[in-house]
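So the structure is just underneath, and the comments pick up after that.
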Amino acid sequence: MQTLILTGGGSAGHVVPNLALAPELRKHFRLAYIGTDGIEKKLAERAGIPFYAIPAAKLIRGSVRANLSLPLRFRASVRAAKQALREAGADVVFSKGGYVALPVVWAAAALGIPAVTHESDRTPGLANKLIARRCAAALTSFPETAKLLRGGVFTGPPIRRELFAGNRAQALYKYGFSGEKPVLLAFGGGSGSAALNRALEGALPALLPRCDVLHIRGRASESEGRRAGYVPLAYEPDMASAYACADYVLARAGSNTVFEVLALRKCALFVPLENRRSRGDQAQNAAYFERQGLCRVLHERDLTPARLSGALRALAADAALKRRLAEADFTDGNRAIVAAILRAAHETDGDLCHA
């Protein structure tokens, strides 16, 4: 059996899609993971995947001084990645993009190891633009994105299939909700969102008479602020239950979140990250589906308790959105992605990675 290297990290958004594919990939490959000593290590080891840690040089947006040593650090990252690929006995690499994956794919190309990458967002990030040049294929979640990458192929997004296994009655019991009111699920990504948390807390007096709220806060303790109809959690590994109890979702607009929420047919209000830390990908993701009438969007500049409460009332009253969601065709790309990886692994013409 061949060994497939998974790579990508720096945030849960680059790791969770890899793990979503792991059950199917394990039927065909031995799996190992190469990344930094960050969230990817924690999540990969929790999934029982052998992990190899390397340093990875990250471009700091808006800071020339911080990037002066980037070329030297990147070369060191590539050397470490080559060593990890050799130790793992790598036969093929699958990348979810990001700065963590860049040295791994470049090292694989130098060693003649085929690679495939996947871009989740509506427009590709810088790392995936560079990675795609050295890959057999650059897979995409959005059809239009495939035209923007060398070797671009639309497959759809990887989605965690276990999310569809939640039981609403059991989930309501788990969180202590009666089921007499609709449930709002709110979360801000893997590390939470302080801005979203503050706005939601301020809106609770207006919201709780109308709905129960399950709030995955990120860094706060689970017991902080708990009251009738309001359940705050620091972290929820059982997202199948969280989604199962939810009638409405309030969330950031990372690609994984957007595709999961819509595939589950949940009426959503997305609040994209829109500041200097973002390249604008979340705003593009949310706008794409807003134009199709499949979600609502509240811009971060408008994120106040009063406007949030009003936007959530409008969401609950939007019967047309509910109808369009029920009629929409959402399919995960898991099968197509695995097929593309298998093609790269079995290709023998020697022209898989482009130096």
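Chain labels A, B, ... are given in the sequence in which chains occur in the structure tokens; within each chain residues are numbered consecutively from 1, and ligands are likewise numbered from 1 in the order shown.
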Sorted by chain and rising residue number, which residues of stretch 241-344 of chain A lie within 9 Å of stretch 167-172 of chain A, and what are their closest atom pairs and distances in Å to one decimal, counting only C-alpha atoms, as CSV?
residue,atom,partner,partner_atom,distance
A:Ser241,CA,A:Ala171,CA,5.0
A:Ala242,CA,A:Ala171,CA,6.9
A:Tyr243,CA,A:Arg168,CA,8.5
A:Ala244,CA,A:Arg168,CA,4.8
A:Cys245,CA,A:Arg168,CA,4.9
A:Ala246,CA,A:Arg168,CA,8.2
Go ahead and write the residues just picked, all heavy atoms, as a short mmCIF file (atom, residue, chain, number, x, y, z; two decimals), in the first residue's frame.
data_model
loop_
_atom_site.label_atom_id
_atom_site.label_comp_id
_atom_site.auth_asym_id
_atom_site.auth_seq_id
_atom_site.Cartn_x
_atom_site.Cartn_y
_atom_site.Cartn_z
N SER A 241 -24.04 17.02 16.46
CA SER A 241 -25.14 17.34 17.37
C SER A 241 -25.46 18.83 17.35
O SER A 241 -26.63 19.22 17.39
CB SER A 241 -24.79 16.90 18.80
OG SER A 241 -24.76 15.49 18.90
N ALA A 242 -24.41 19.66 17.31
CA ALA A 242 -24.64 21.11 17.28
C ALA A 242 -25.48 21.49 16.06
O ALA A 242 -26.43 22.28 16.16
CB ALA A 242 -23.31 21.84 17.27
N TYR A 243 -25.13 20.96 14.91
CA TYR A 243 -25.90 21.25 13.70
C TYR A 243 -27.30 20.63 13.76
O TYR A 243 -28.27 21.21 13.28
CB TYR A 243 -25.17 20.73 12.47
CG TYR A 243 -24.05 21.62 11.97
CD1 TYR A 243 -22.77 21.11 11.76
CD2 TYR A 243 -24.28 22.96 11.67
CE1 TYR A 243 -21.74 21.92 11.28
CE2 TYR A 243 -23.26 23.77 11.18
CZ TYR A 243 -21.99 23.24 10.99
OH TYR A 243 -20.99 24.05 10.52
N ALA A 244 -27.40 19.44 14.33
CA ALA A 244 -28.69 18.74 14.34
C ALA A 244 -29.75 19.52 15.11
O ALA A 244 -30.93 19.51 14.74
CB ALA A 244 -28.52 17.35 14.93
N CYS A 245 -29.35 20.20 16.19
CA CYS A 245 -30.34 20.91 16.99
C CYS A 245 -30.66 22.28 16.41
O CYS A 245 -31.62 22.93 16.82
CB CYS A 245 -29.87 21.05 18.43
SG CYS A 245 -28.66 22.35 18.73
N ALA A 246 -29.86 22.76 15.45
CA ALA A 246 -29.96 24.14 14.98
C ALA A 246 -31.02 24.32 13.89
O ALA A 246 -31.10 23.53 12.94
CB ALA A 246 -28.61 24.60 14.44
#
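Residues within 8 Å of A:Leu6, counting only C-alpha atoms and excluding same-chain residues fewer than 5 positions away, are A:Asn18, A:Leu31, A:Ala32, A:Tyr33, A:Ile34, A:Val93, A:Phe94, A:Ser95, A:Lys96.
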With all heavy atoms retained, export the selected residues as a short mmCIF file (atom, residue, chain, number, x, y, z; two decimals), in the first residue's frame.
data_model
loop_
_atom_site.label_atom_id
_atom_site.label_comp_id
_atom_site.auth_asym_id
_atom_site.auth_seq_id
_atom_site.Cartn_x
_atom_site.Cartn_y
_atom_site.Cartn_z
N ASN A 18 -8.80 17.89 5.25
CA ASN A 18 -7.96 16.70 5.13
C ASN A 18 -8.55 15.55 5.94
O ASN A 18 -8.62 14.40 5.46
CB ASN A 18 -6.55 17.00 5.63
CG ASN A 18 -5.65 17.58 4.56
OD1 ASN A 18 -5.80 17.27 3.39
ND2 ASN A 18 -4.72 18.42 4.95
N LEU A 31 -1.61 6.70 5.73
CA LEU A 31 -1.63 8.15 5.84
C LEU A 31 -0.56 8.64 6.82
O LEU A 31 -0.28 8.00 7.83
CB LEU A 31 -3.00 8.64 6.33
CG LEU A 31 -4.20 8.31 5.45
CD1 LEU A 31 -5.47 8.92 6.05
CD2 LEU A 31 -4.00 8.80 4.03
N ALA A 32 0.02 9.77 6.50
CA ALA A 32 0.88 10.51 7.42
C ALA A 32 0.64 11.98 7.15
O ALA A 32 0.09 12.36 6.11
CB ALA A 32 2.35 10.15 7.21
N TYR A 33 1.01 12.80 8.11
CA TYR A 33 0.75 14.25 8.01
C TYR A 33 2.05 15.01 8.23
O TYR A 33 2.80 14.70 9.15
CB TYR A 33 -0.27 14.66 9.08
CG TYR A 33 -1.10 15.87 8.71
CD1 TYR A 33 -2.46 15.76 8.45
CD2 TYR A 33 -0.52 17.14 8.61
CE1 TYR A 33 -3.23 16.85 8.11
CE2 TYR A 33 -1.29 18.24 8.27
CZ TYR A 33 -2.64 18.09 8.01
OH TYR A 33 -3.39 19.19 7.68
N ILE A 34 2.31 16.01 7.39
CA ILE A 34 3.45 16.90 7.58
C ILE A 34 2.92 18.32 7.76
O ILE A 34 2.15 18.82 6.94
CB ILE A 34 4.43 16.86 6.39
CG1 ILE A 34 5.02 15.45 6.24
CG2 ILE A 34 5.56 17.87 6.59
CD1 ILE A 34 5.98 15.31 5.06
N VAL A 93 1.46 13.26 -2.38
CA VAL A 93 1.13 14.30 -1.41
C VAL A 93 -0.21 14.92 -1.77
O VAL A 93 -0.49 15.18 -2.95
CB VAL A 93 2.22 15.41 -1.40
CG1 VAL A 93 1.77 16.62 -0.57
CG2 VAL A 93 3.54 14.86 -0.87
N PHE A 94 -1.04 15.16 -0.75
CA PHE A 94 -2.27 15.93 -0.93
C PHE A 94 -2.22 17.15 -0.04
O PHE A 94 -2.08 17.05 1.18
CB PHE A 94 -3.52 15.11 -0.60
CG PHE A 94 -4.79 15.92 -0.74
CD1 PHE A 94 -5.20 16.38 -1.98
CD2 PHE A 94 -5.55 16.24 0.37
CE1 PHE A 94 -6.36 17.13 -2.12
CE2 PHE A 94 -6.71 17.00 0.24
CZ PHE A 94 -7.12 17.44 -1.01
N SER A 95 -2.34 18.31 -0.67
CA SER A 95 -2.21 19.59 0.03
C SER A 95 -3.55 20.30 0.11
O SER A 95 -4.30 20.34 -0.86
CB SER A 95 -1.21 20.47 -0.73
OG SER A 95 -1.44 21.83 -0.47
N LYS A 96 -3.82 20.91 1.27
CA LYS A 96 -4.97 21.79 1.40
C LYS A 96 -4.56 23.25 1.36
O LYS A 96 -5.34 24.14 1.70
CB LYS A 96 -5.72 21.49 2.70
CG LYS A 96 -6.83 20.46 2.56
CD LYS A 96 -7.83 20.82 1.46
CE LYS A 96 -8.57 22.09 1.81
NZ LYS A 96 -9.11 22.81 0.64
#
Could you pull out the strand (DSSP E or B) residues of stretch 183-346 of chain A from DSSP and send them as a PyMOL selection string?
chain A and resi 183-187+212-216+227+230-233+248-251+267-270+296-297
Per residue of stretch 30-51 of chain A within 12 Å of stretch 189-213 of chain A, which atom pair is closest and at what distance in Å (one decimal), using only C-alpha atoms, listed by chain and increasing number, as a Markdown table?
| residue | atom | partner | partner_atom | distance |
| --- | --- | --- | --- | --- |
| A:Ile39 | CA | A:Gly190 | CA | 9.5 |
| A:Glu40 | CA | A:Gly190 | CA | 11.7 |
| A:Leu43 | CA | A:Gly190 | CA | 11.5 |
Could you find all residues in stretch 139-342 of chain A that DSSP calls alpha helix (DSSP H) from the backbone, and write them as number ranges by chain?
A: 168-175, 194-207, 239-245, 255-263, 281-291, 305-316, 319-327, 334-342
Selected residue of minimal separation from A:Val92 among A:Val249, A:Leu163, A:Leu72, A:Ala136, counting only C-alpha atoms:
A:Ala136
Nearby residues (only C-alpha atoms) at most 10 Å from A:Ala311, same-chain spacing under 5 positions excluded, as JSON, numbers by chain
{"A": [269, 296, 297, 298, 303, 305, 306, 316, 317]}
Expected file: the selected residues, N, CA and C atoms, as a short mmCIF file (atom, residue, chain, number, x, y, z; two decimals), in the first residue's frame:
data_model
loop_
_atom_site.label_atom_id
_atom_site.label_comp_id
_atom_site.auth_asym_id
_atom_site.auth_seq_id
_atom_site.Cartn_x
_atom_site.Cartn_y
_atom_site.Cartn_z
N LEU A 269 -26.86 33.20 8.63
CA LEU A 269 -26.40 34.58 8.54
C LEU A 269 -24.89 34.53 8.70
N ARG A 296 -27.84 34.83 4.07
CA ARG A 296 -27.82 36.27 4.29
C ARG A 296 -26.45 36.65 4.84
N VAL A 297 -26.06 37.91 4.63
CA VAL A 297 -24.73 38.37 5.02
C VAL A 297 -24.87 39.66 5.82
N LEU A 298 -24.15 39.75 6.92
CA LEU A 298 -24.03 40.98 7.71
C LEU A 298 -22.55 41.35 7.73
N LEU A 303 -21.72 45.08 12.53
CA LEU A 303 -21.96 44.07 13.56
C LEU A 303 -22.13 44.73 14.93
N PRO A 305 -25.10 44.79 18.34
CA PRO A 305 -26.19 43.96 18.87
C PRO A 305 -27.54 44.24 18.20
N ALA A 306 -27.85 45.51 17.99
CA ALA A 306 -29.15 45.85 17.41
C ALA A 306 -29.26 45.37 15.97
N ALA A 316 -35.02 34.63 9.98
CA ALA A 316 -36.09 33.72 10.41
C ALA A 316 -37.36 33.91 9.58
N ALA A 317 -37.57 35.11 9.08
CA ALA A 317 -38.78 35.40 8.32
C ALA A 317 -38.64 35.15 6.82
#
